[in-house]
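Visitor: Before I ask anything, here is the structure I am working with.
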Amino acid sequence: MQNVIYLLLRRMRLPLIVVILAYAVSILGLVLIPGVDDQGNPWRMDFFHAFYFVSFTGSTIGYGEIPYEFTDAQRFWTMIAMYTTVIAWLYAIGALFTLFQDAGFRQVLRYTLFTRQVRAINERFYLVCGLGDAGELLVRELAERHIRCVVVEKKEENLLALALEDLPVHVPALCGDALDSSVLLAAGLKHRHCAGVIALTDNDHINLTIAITSKLLAPDLQVICRSESHDSEANMASFGTDHIINPYDTFAERFAMMFQSPSMYLLYEWMTSLRETPLTDFSSPPRGEWILCGFGRFGKAVQKSITFEAVRTTVVESDIEGTRAPESAVAGRGTEAITLYEANVENAAGIIAGTDDDANNLSIIMTALDLNPELFTVARQNLRGNDAIYKAADIDLTMQPGTIIGRRIVDLLTTPLLSDFLNLARQENETWANILVSRVAGVLSDRPPDSWTITISRGETPAVIEMLEKVCAISLGMLYTDPRDVTLALPCVPLLLKRRHEGILVPGNDTMLQPDDQLLFCGRQGAEEHMRWTSKNFNALNYICTGRDNPTGYIWRRLSKNEAG
Amino acid sequence: MNLEKVFFAFFIVLALTLNFGFFIGDLDDPNHHNVYELFAALVVSLIATIMKFGDRAHIGAVLLATSLVADLQLIAAVIVWGIFVHATDTGLTPMVMSSIVSLSGGALLANVTSVIILVTETVMFRR
């Protein structure tokens, strides 16, 4: 704000001096010019009346000639005074408006407003750099969960889209270059409530710079980076970036999971899906011959992961040497029937269109389906704006980097235990996963489940701690009993219990809780609120544990004691 | 020679001299205190204040503050004059005159401070 006021004062210097001089000269003239009063005696205006007269003349109000009718000499001077003061005012007001229209001044004004908003944040927030597809999705999902964000983005038009969106919490946004560390500082890098920095620009080098700036200026912050090449990934990891997300590897890993364990994939898909999307089923991809069009970063990652699952691939790539495709690769784009025939499309089980051009990808899929309608189709979607045509093309699996990154980060931030769970679950077999999936499906309605983490601690679950200390041991089953009806359980499934460094998968109802236990639940949206209510309200928990509604007030406590005695 | 500095110093010193001219004389004698001089002192003081706008240096901020004090005192003196002469029938009695002049005396002190700061700054730079 300091800055804005100084700028304003400095720019208004000349206009204000002009106004004051115009007033002074006009007033002085009126005082000096002789006039006559109503009796015809010589009379001179005093400063008081002169100031009054010039004030209403200058502001074009005009009450007339007071206190006495003017002489011609006075009228002559009044004319000059009128024009000078009115023009001086117009000039001053015009200068003020020009200043407010000035692009530089508005930039300063916005910057000042932004820093003030950031400074005023008094809860945990994340600093998001880059508001592309991934950033927009992340900000919206976090806002839905009432987690605050601050956004820094270089392109003005992306910020406009954010400003138009109706988010449940206010998201301060600055149009600026995240490479400039002063911009990051203004966006709250050293703010005491800043919980992490998320670098999501589409340029690996910028993300790297943001990560290293954050690690140097605020070493305790969690830093999450998007990276599209293994080279910069290694670089980011070298100075301790907490999470590095490569959309291609992430997708390839999940794609491989579809072959390996469809139920696990489904569970994963459910737990990481966005809140508003309907619950979908999926068909697992067939093993056999696959055609992979485009051998860029995406193609390489996918090929590596599905070869591991013993799926054979034929690569189609127009620039075989440049991409270092295997020698068996078919030269061509894959958009023409002839190349696809060459890649043996009639006998293939599936096709992956993985070029960096959406029109080509769609063309590959359409052509291939013409030649072989039985194909399982996977397509890479580079731009989120193409959602509608991808949906219309009826593709079995679409890979959209922005969505993948956004969802992955939402999980990391909101349910950090989820990756622990998935790592442990990967060691279990398909039957185990099947049972779990049907158990989760049993508690769900038509919307995807929510997942949440509860830590048994004084801050988060005061009632549980009090109960453990004073009354009795609590089992896990009690925690997810419905507080409205103790015979029912809340529609949720405990997935993981983390006790110190040890994890227990799908803990049973009779598992006894201990302080500092971390629990991961997954269940119907809304169940979390009931569970949090039970874990915070001693009376509700006591009722669940003992089946008795104990008197809470002093008098009733005394009375019931007497009765018992 | 910097023309801006010339104007700046000119207005600050002129504000002081006009102020002094009005102030000097018997405290309660209207004949010793000219209304035109008070008017000129107020106008010049206002202009001097605006000349100091937007200076971000510490010394600039102090100059702005002393100048604002002078304005305030002079405006108070002018208002007292206007009210007693025009709004009431009291007229320029010795009591009214002395309060006007003492208010301008306060402004004089503030203006002296401004000039001292100005001179100090000039001496410090030696160029």
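By order in the structure tokens, chains are A, B, ...; within a chain, residues start at 1; ligands start at 1, following the order shown.
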Segment 251-451 of chain A: which residues are strand (DSSP E) by DSSP, as a PyMOL selection string?
Guide: chain A and resi 289-293+312-317+330-331+350-353+376-380+397-399+450-451
Visitor: So which residues of chain B fall under helix (DSSP H, G or I) by DSSP, listed as a ChimeraX atom specification?
Guide: /B:3-23,30-32,35-51,58-87,94-125
Visitor: For those residues, write C-alpha atoms to a file as a tab-separated table (two decimals), in the first residue's frame.
Guide:
chain	number	residue	atom	x	y	z
B	3	LEU	CA	15.85	23.44	-11.18
B	4	GLU	CA	13.67	21.16	-9.05
B	5	LYS	CA	15.88	21.81	-6.03
B	6	VAL	CA	15.69	25.55	-6.64
B	7	PHE	CA	11.88	25.53	-6.66
B	8	PHE	CA	11.79	23.25	-3.68
B	9	ALA	CA	14.05	25.42	-1.54
B	10	PHE	CA	12.36	28.57	-2.81
B	11	PHE	CA	8.93	27.50	-1.61
B	12	ILE	CA	10.14	26.21	1.72
B	13	VAL	CA	12.03	29.39	2.51
B	14	LEU	CA	9.24	31.60	1.17
B	15	ALA	CA	6.75	29.81	3.41
B	16	LEU	CA	8.98	30.62	6.37
B	17	THR	CA	9.55	34.28	5.47
B	18	LEU	CA	5.87	35.01	4.79
B	19	ASN	CA	4.93	33.27	7.97
B	20	PHE	CA	7.50	35.27	9.87
B	21	GLY	CA	6.25	38.52	8.29
B	22	PHE	CA	2.74	37.84	9.48
B	23	PHE	CA	3.83	36.75	12.92
B	30	PRO	CA	-4.59	43.82	14.34
B	31	ASN	CA	-2.69	46.66	12.71
B	32	HIS	CA	0.54	44.67	12.88
B	35	VAL	CA	-4.58	39.46	6.24
B	36	TYR	CA	-2.92	39.32	2.80
B	37	GLU	CA	0.24	38.05	4.36
B	38	LEU	CA	-1.62	35.28	6.11
B	39	PHE	CA	-3.31	34.32	2.85
B	40	ALA	CA	0.03	34.27	1.00
B	41	ALA	CA	1.63	32.26	3.80
B	42	LEU	CA	-1.13	29.63	3.63
B	43	VAL	CA	-1.00	29.30	-0.18
B	44	VAL	CA	2.78	29.03	-0.27
B	45	SER	CA	2.75	26.57	2.60
B	46	LEU	CA	0.23	24.37	0.74
B	47	ILE	CA	2.33	24.44	-2.40
B	48	ALA	CA	5.46	23.61	-0.41
B	49	THR	CA	3.64	20.59	1.05
B	50	ILE	CA	2.67	19.31	-2.38
B	51	MET	CA	6.23	19.77	-3.64
B	58	HIS	CA	13.41	9.40	5.22
B	59	ILE	CA	14.32	13.07	5.21
B	60	GLY	CA	11.61	13.70	2.62
B	61	ALA	CA	9.06	12.09	4.89
B	62	VAL	CA	10.11	14.30	7.82
B	63	LEU	CA	9.92	17.41	5.63
B	64	LEU	CA	6.42	16.41	4.54
B	65	ALA	CA	5.42	15.96	8.17
B	66	THR	CA	6.68	19.39	9.32
B	67	SER	CA	5.03	21.00	6.32
B	68	LEU	CA	1.72	19.33	7.13
B	69	VAL	CA	2.01	20.68	10.69
B	70	ALA	CA	2.51	24.21	9.32
B	71	ASP	CA	-0.52	23.82	7.05
B	72	LEU	CA	-2.64	22.62	9.88
B	73	GLN	CA	-1.67	25.54	12.10
B	74	LEU	CA	-2.25	28.12	9.37
B	75	ILE	CA	-5.60	26.62	8.38
B	76	ALA	CA	-6.62	26.74	12.03
B	77	ALA	CA	-5.58	30.42	12.19
B	78	VAL	CA	-7.57	31.20	9.03
B	79	ILE	CA	-10.64	29.39	10.34
B	80	VAL	CA	-10.44	31.28	13.65
B	81	TRP	CA	-10.19	34.54	11.72
B	82	GLY	CA	-13.12	33.66	9.46
B	83	ILE	CA	-15.38	32.50	12.27
B	84	PHE	CA	-14.80	35.43	14.62
B	85	VAL	CA	-15.00	38.11	11.95
B	86	HIS	CA	-17.81	36.73	9.80
B	87	ALA	CA	-19.77	34.06	11.62
B	94	PRO	CA	-7.15	41.58	20.95
B	95	MET	CA	-8.10	38.14	22.30
B	96	VAL	CA	-9.01	36.79	18.83
B	97	MET	CA	-6.00	38.41	17.20
B	98	SER	CA	-3.59	36.95	19.73
B	99	SER	CA	-4.93	33.44	19.23
B	100	ILE	CA	-4.62	33.80	15.44
B	101	VAL	CA	-1.07	35.07	15.74
B	102	SER	CA	-0.03	32.40	18.20
B	103	LEU	CA	-1.40	29.72	15.87
B	104	SER	CA	0.70	31.18	13.08
B	105	GLY	CA	3.60	31.21	15.53
B	106	GLY	CA	3.26	27.45	15.80
B	107	ALA	CA	3.34	27.22	12.02
B	108	LEU	CA	6.45	29.38	12.10
B	109	LEU	CA	8.20	26.84	14.33
B	110	ALA	CA	7.29	24.03	11.95
B	111	ASN	CA	8.57	26.08	9.02
B	112	VAL	CA	11.82	26.79	10.86
B	113	THR	CA	12.24	23.06	11.38
B	114	SER	CA	11.69	22.51	7.65
B	115	VAL	CA	14.36	25.01	6.77
B	116	ILE	CA	16.79	23.53	9.29
B	117	ILE	CA	16.29	20.07	7.79
B	118	LEU	CA	16.72	21.51	4.31
B	119	VAL	CA	19.95	23.25	5.26
B	120	THR	CA	21.27	20.15	7.03
B	121	GLU	CA	20.58	18.02	3.99
B	122	THR	CA	22.25	20.52	1.70
B	123	VAL	CA	25.32	20.75	3.89
B	124	MET	CA	25.60	16.97	4.10
B	125	PHE	CA	25.76	16.57	0.35
Visitor: Report as JSON lines the residues of chain A within 12 Å of chain B, each with its shortest atom pair and distance in Å (one decimal), using only C-alpha atoms, ordered by chain and increasing residue number.
Guide:
{"residue": "A:Gln2", "atom": "CA", "partner": "B:Arg56", "partner_atom": "CA", "distance": 9.7}
{"residue": "A:Asn3", "atom": "CA", "partner": "B:Arg56", "partner_atom": "CA", "distance": 9.2}
{"residue": "A:Val4", "atom": "CA", "partner": "B:Gly54", "partner_atom": "CA", "distance": 10.1}
{"residue": "A:Ile5", "atom": "CA", "partner": "B:Gly54", "partner_atom": "CA", "distance": 8.0}
{"residue": "A:Tyr6", "atom": "CA", "partner": "B:Gly54", "partner_atom": "CA", "distance": 4.7}
{"residue": "A:Leu7", "atom": "CA", "partner": "B:Gly54", "partner_atom": "CA", "distance": 6.5}
{"residue": "A:Leu8", "atom": "CA", "partner": "B:Gly54", "partner_atom": "CA", "distance": 7.7}
{"residue": "A:Leu9", "atom": "CA", "partner": "B:Gly54", "partner_atom": "CA", "distance": 5.2}
{"residue": "A:Arg10", "atom": "CA", "partner": "B:Gly54", "partner_atom": "CA", "distance": 4.2}
{"residue": "A:Arg11", "atom": "CA", "partner": "B:Gly54", "partner_atom": "CA", "distance": 8.0}
{"residue": "A:Met12", "atom": "CA", "partner": "B:Phe53", "partner_atom": "CA", "distance": 8.4}
{"residue": "A:Arg13", "atom": "CA", "partner": "B:Ile50", "partner_atom": "CA", "distance": 5.8}
{"residue": "A:Leu14", "atom": "CA", "partner": "B:Ile50", "partner_atom": "CA", "distance": 8.3}
{"residue": "A:Pro15", "atom": "CA", "partner": "B:Ile50", "partner_atom": "CA", "distance": 9.8}
{"residue": "A:Leu16", "atom": "CA", "partner": "B:Ile50", "partner_atom": "CA", "distance": 7.2}
{"residue": "A:Ile17", "atom": "CA", "partner": "B:Ile47", "partner_atom": "CA", "distance": 5.9}
{"residue": "A:Val18", "atom": "CA", "partner": "B:Ile47", "partner_atom": "CA", "distance": 9.3}
{"residue": "A:Val19", "atom": "CA", "partner": "B:Ile47", "partner_atom": "CA", "distance": 9.9}
{"residue": "A:Ile20", "atom": "CA", "partner": "B:Val43", "partner_atom": "CA", "distance": 7.2}
{"residue": "A:Leu21", "atom": "CA", "partner": "B:Val43", "partner_atom": "CA", "distance": 7.8}
{"residue": "A:Ala22", "atom": "CA", "partner": "B:Val43", "partner_atom": "CA", "distance": 10.7}
{"residue": "A:Tyr23", "atom": "CA", "partner": "B:Val43", "partner_atom": "CA", "distance": 9.2}
{"residue": "A:Ala24", "atom": "CA", "partner": "B:Val43", "partner_atom": "CA", "distance": 6.7}
{"residue": "A:Val25", "atom": "CA", "partner": "B:Val43", "partner_atom": "CA", "distance": 9.9}
{"residue": "A:Ile27", "atom": "CA", "partner": "B:Phe39", "partner_atom": "CA", "distance": 9.6}
{"residue": "A:Leu28", "atom": "CA", "partner": "B:Tyr36", "partner_atom": "CA", "distance": 8.4}
{"residue": "A:Gly29", "atom": "CA", "partner": "B:Tyr36", "partner_atom": "CA", "distance": 11.6}
{"residue": "A:Val31", "atom": "CA", "partner": "B:Tyr36", "partner_atom": "CA", "distance": 9.4}
{"residue": "A:Leu32", "atom": "CA", "partner": "B:Tyr36", "partner_atom": "CA", "distance": 9.9}
{"residue": "A:Asp46", "atom": "CA", "partner": "B:Val35", "partner_atom": "CA", "distance": 9.3}
{"residue": "A:Phe47", "atom": "CA", "partner": "B:Phe39", "partner_atom": "CA", "distance": 8.1}
{"residue": "A:Phe48", "atom": "CA", "partner": "B:Gly82", "partner_atom": "CA", "distance": 6.1}
{"residue": "A:His49", "atom": "CA", "partner": "B:His86", "partner_atom": "CA", "distance": 9.1}
{"residue": "A:Ala50", "atom": "CA", "partner": "B:Gly82", "partner_atom": "CA", "distance": 11.5}
{"residue": "A:Phe51", "atom": "CA", "partner": "B:Gly82", "partner_atom": "CA", "distance": 10.6}
{"residue": "A:Tyr52", "atom": "CA", "partner": "B:Gly82", "partner_atom": "CA", "distance": 11.1}
Visitor: Would you write out those residues with N, CA and C atoms, as a CSV table (one decimal), in the first residue's frame?
Guide:
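Below is the file again04.csv, written as the result:
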chain,number,residue,atom,x,y,z
A,2,GLN,N,1.9,1.2,0.8
A,2,GLN,CA,2.9,2.3,0.9
A,2,GLN,C,3.3,2.8,-0.5
A,3,ASN,N,3.6,1.8,-1.4
A,3,ASN,CA,4.0,2.1,-2.7
A,3,ASN,C,3.0,2.8,-3.5
A,4,VAL,N,1.8,2.4,-3.4
A,4,VAL,CA,0.7,2.9,-4.2
A,4,VAL,C,0.5,4.4,-3.8
A,5,ILE,N,0.5,4.7,-2.5
A,5,ILE,CA,0.2,6.1,-2.0
A,5,ILE,C,1.3,7.0,-2.5
A,6,TYR,N,2.6,6.5,-2.4
A,6,TYR,CA,3.7,7.4,-2.9
A,6,TYR,C,3.5,7.6,-4.4
A,7,LEU,N,3.2,6.6,-5.1
A,7,LEU,CA,3.0,6.8,-6.6
A,7,LEU,C,1.9,7.8,-6.9
A,8,LEU,N,0.8,7.6,-6.2
A,8,LEU,CA,-0.3,8.5,-6.3
A,8,LEU,C,0.1,10.0,-6.0
A,9,LEU,N,0.8,10.2,-4.9
A,9,LEU,CA,1.1,11.6,-4.5
A,9,LEU,C,2.1,12.2,-5.5
A,10,ARG,N,3.0,11.4,-5.9
A,10,ARG,CA,4.0,11.9,-6.8
A,10,ARG,C,3.4,12.3,-8.2
A,11,ARG,N,2.5,11.5,-8.6
A,11,ARG,CA,1.9,11.8,-9.9
A,11,ARG,C,0.9,13.0,-9.8
A,12,MET,N,0.3,13.2,-8.6
A,12,MET,CA,-0.7,14.2,-8.5
A,12,MET,C,0.0,15.6,-8.1
A,13,ARG,N,1.3,15.6,-8.0
A,13,ARG,CA,1.9,16.9,-7.6
A,13,ARG,C,1.6,18.1,-8.4
A,14,LEU,N,1.8,18.0,-9.7
A,14,LEU,CA,1.6,19.1,-10.6
A,14,LEU,C,0.1,19.5,-10.6
A,15,PRO,N,-0.8,18.5,-10.8
A,15,PRO,CA,-2.2,18.9,-10.9
A,15,PRO,C,-2.7,19.7,-9.6
A,16,LEU,N,-2.2,19.2,-8.4
A,16,LEU,CA,-2.6,19.9,-7.2
A,16,LEU,C,-2.1,21.3,-7.1
A,17,ILE,N,-0.8,21.4,-7.5
A,17,ILE,CA,-0.2,22.8,-7.5
A,17,ILE,C,-1.0,23.7,-8.4
A,18,VAL,N,-1.4,23.2,-9.6
A,18,VAL,CA,-2.2,24.0,-10.5
A,18,VAL,C,-3.5,24.4,-9.9
A,19,VAL,N,-4.2,23.5,-9.2
A,19,VAL,CA,-5.5,23.8,-8.6
A,19,VAL,C,-5.3,24.9,-7.5
A,20,ILE,N,-4.2,24.8,-6.7
A,20,ILE,CA,-4.0,25.7,-5.6
A,20,ILE,C,-3.7,27.1,-6.1
A,21,LEU,N,-2.9,27.1,-7.2
A,21,LEU,CA,-2.5,28.4,-7.8
A,21,LEU,C,-3.7,29.1,-8.4
A,22,ALA,N,-4.5,28.3,-9.1
A,22,ALA,CA,-5.7,28.9,-9.7
A,22,ALA,C,-6.7,29.5,-8.7
A,23,TYR,N,-6.8,28.8,-7.6
A,23,TYR,CA,-7.7,29.3,-6.5
A,23,TYR,C,-7.1,30.5,-5.9
A,24,ALA,N,-5.7,30.5,-5.6
A,24,ALA,CA,-5.1,31.6,-4.9
A,24,ALA,C,-5.2,32.9,-5.8
A,25,VAL,N,-4.9,32.8,-7.1
A,25,VAL,CA,-5.0,33.9,-7.9
A,25,VAL,C,-6.4,34.5,-8.0
A,27,ILE,N,-8.9,34.1,-5.9
A,27,ILE,CA,-9.3,34.7,-4.6
A,27,ILE,C,-8.7,36.1,-4.4
A,28,LEU,N,-7.4,36.1,-4.7
A,28,LEU,CA,-6.7,37.4,-4.5
A,28,LEU,C,-7.3,38.5,-5.4
A,29,GLY,N,-7.6,38.2,-6.6
A,29,GLY,CA,-8.1,39.1,-7.6
A,29,GLY,C,-9.5,39.7,-7.0
A,31,VAL,N,-10.5,39.8,-4.0
A,31,VAL,CA,-10.3,40.6,-2.8
A,31,VAL,C,-9.8,42.0,-3.2
A,32,LEU,N,-8.9,42.1,-4.2
A,32,LEU,CA,-8.3,43.4,-4.5
A,32,LEU,C,-9.2,44.3,-5.4
A,46,ASP,N,-14.0,40.4,1.3
A,46,ASP,CA,-12.9,39.9,2.1
A,46,ASP,C,-12.6,38.5,1.7
A,47,PHE,N,-11.5,37.9,2.3
A,47,PHE,CA,-11.1,36.6,1.9
A,47,PHE,C,-12.1,35.5,2.1
A,48,PHE,N,-12.9,35.7,3.2
A,48,PHE,CA,-13.9,34.7,3.5
A,48,PHE,C,-14.9,34.6,2.4
A,49,HIS,N,-15.4,35.7,1.9
A,49,HIS,CA,-16.4,35.7,0.9
A,49,HIS,C,-15.8,35.3,-0.5
A,50,ALA,N,-14.5,35.8,-0.7
A,50,ALA,CA,-13.9,35.4,-1.9
A,50,ALA,C,-13.7,33.9,-2.0
A,51,PHE,N,-13.3,33.3,-0.9
A,51,PHE,CA,-13.0,31.8,-1.0
A,51,PHE,C,-14.4,31.1,-1.2
A,52,TYR,N,-15.4,31.6,-0.5
A,52,TYR,CA,-16.7,31.0,-0.7
A,52,TYR,C,-17.1,31.1,-2.2
Visitor: Counting only C-alpha atoms, what is within 9 Å of segment 308-316 of chain A, bar same-chain residues fewer than 3 positions away, as a ChimeraX atom specification?
Guide: /A:256-257,259-260,287-295,299,303-305,320,325-326,328-334,339-340,343-344
Visitor: Write to file, as a compact mmCIF listing (two decimals), in the first residue's frame, the residues of the selection just made, with C-alpha atoms.
Guide:
# COMPACT_ATOMS: atom_id res chain seq x y z
CA ALA A 256 0.32 -51.74 -16.23
CA MET A 257 -1.78 -52.16 -13.10
CA PHE A 259 -3.21 -55.76 -16.76
CA GLN A 260 -1.75 -56.99 -13.54
CA ARG A 287 -3.34 -59.21 -23.37
CA GLY A 288 -1.90 -59.98 -26.82
CA GLU A 289 -0.41 -57.89 -29.60
CA TRP A 290 -0.59 -54.14 -29.07
CA ILE A 291 0.16 -51.34 -31.49
CA LEU A 292 1.87 -48.29 -30.03
CA CYS A 293 1.76 -45.18 -32.23
CA GLY A 294 4.25 -42.49 -31.30
CA PHE A 295 7.44 -43.35 -29.47
CA GLY A 299 5.29 -44.09 -25.81
CA GLN A 303 6.12 -49.61 -23.69
CA LYS A 304 8.45 -50.16 -20.79
CA SER A 305 5.67 -50.80 -18.31
CA ILE A 320 12.49 -43.89 -35.99
CA ALA A 325 12.61 -46.67 -31.58
CA PRO A 326 13.28 -50.43 -31.69
CA SER A 328 11.18 -53.70 -35.58
CA ALA A 329 9.25 -50.43 -35.61
CA VAL A 330 6.99 -49.57 -38.54
CA ALA A 331 7.74 -46.23 -40.16
CA GLY A 332 4.75 -43.90 -40.46
CA ARG A 333 2.35 -41.83 -38.43
CA GLY A 334 -0.29 -44.48 -37.91
CA THR A 339 0.86 -48.27 -41.87
CA LEU A 340 -1.63 -49.89 -39.55
CA ALA A 343 1.68 -53.19 -38.00
CA ASN A 344 -0.77 -56.10 -38.27
Visitor: Kindly give the distance, in Å, that separates atom CA of Trp533 of chain A and atom CA of Asp411 of chain A, rounded to a single decimal.
Guide: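 Separation between atom CA of Trp533 of chain A and atom CA of Asp411 of chain A: 23.2 Å.
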Visitor: How many Å lie between atom CA of Leu30 of chain A and atom CA of Gly91 of chain B, rounded to one decimal?
Guide: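 Separation between atom CA of Leu30 of chain A and atom CA of Gly91 of chain B: 21.7 Å.
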Visitor: What's the separation between atom CA of Glu317 of chain A and atom CA of Tyr341 of chain A, in Å to one decimal place?
Guide: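 Rounded to one decimal, the two atoms are 14.0 Å apart.
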Visitor: Which polymer residues have any atom within 12 Å of an atom of Glu156 of chain A, counting only C-alpha atoms, with same-chain residues fewer than 3 positions away left out, as a compact mmCIF listing (two decimals) with N, CA and C atoms, in the first residue's frame?
Guide:
# COMPACT_ATOMS: atom_id res chain seq x y z
N GLN A 107 -0.97 -2.41 -12.27
CA GLN A 107 -0.14 -3.56 -11.91
C GLN A 107 0.30 -3.43 -10.44
N GLY A 130 1.88 -21.91 -11.82
CA GLY A 130 1.47 -22.43 -13.13
C GLY A 130 0.04 -22.89 -13.08
N LEU A 131 -0.81 -22.26 -13.88
CA LEU A 131 -2.22 -22.58 -13.84
C LEU A 131 -2.65 -23.14 -15.18
N GLY A 132 -2.01 -24.21 -15.60
CA GLY A 132 -2.44 -24.88 -16.83
C GLY A 132 -3.59 -25.81 -16.50
N VAL A 151 -2.03 -18.62 -6.15
CA VAL A 151 -1.62 -18.99 -7.50
C VAL A 151 -0.69 -17.94 -8.10
N VAL A 152 0.37 -18.40 -8.73
CA VAL A 152 1.22 -17.52 -9.52
C VAL A 152 1.21 -18.05 -10.94
N GLU A 153 0.84 -17.23 -11.89
CA GLU A 153 0.75 -17.69 -13.28
C GLU A 153 1.20 -16.56 -14.19
N LEU A 159 -5.57 -16.64 -15.72
CA LEU A 159 -6.04 -16.12 -14.45
C LEU A 159 -7.47 -15.61 -14.57
N LEU A 160 -7.81 -15.10 -15.74
CA LEU A 160 -9.18 -14.62 -15.95
C LEU A 160 -10.17 -15.76 -15.76
N ALA A 161 -9.80 -16.93 -16.33
CA ALA A 161 -10.68 -18.09 -16.20
C ALA A 161 -10.88 -18.43 -14.73
N LEU A 162 -9.81 -18.31 -13.95
CA LEU A 162 -9.90 -18.62 -12.52
C LEU A 162 -10.80 -17.62 -11.81
N ALA A 163 -10.67 -16.35 -12.21
CA ALA A 163 -11.46 -15.31 -11.56
C ALA A 163 -12.95 -15.51 -11.82
N ALA A 173 -4.55 -14.64 -6.66
CA ALA A 173 -3.76 -15.01 -7.82
C ALA A 173 -2.95 -13.82 -8.30
N LEU A 174 -1.73 -14.09 -8.72
CA LEU A 174 -0.87 -13.01 -9.21
C LEU A 174 -0.38 -13.36 -10.61
N CYS A 175 -0.42 -12.38 -11.50
CA CYS A 175 0.13 -12.58 -12.82
C CYS A 175 1.60 -12.19 -12.74
N GLY A 176 2.47 -13.19 -12.72
CA GLY A 176 3.88 -12.87 -12.58
C GLY A 176 4.74 -14.04 -12.97
N ASP A 177 6.02 -13.81 -13.00
CA ASP A 177 6.96 -14.83 -13.42
C ASP A 177 7.48 -15.57 -12.19
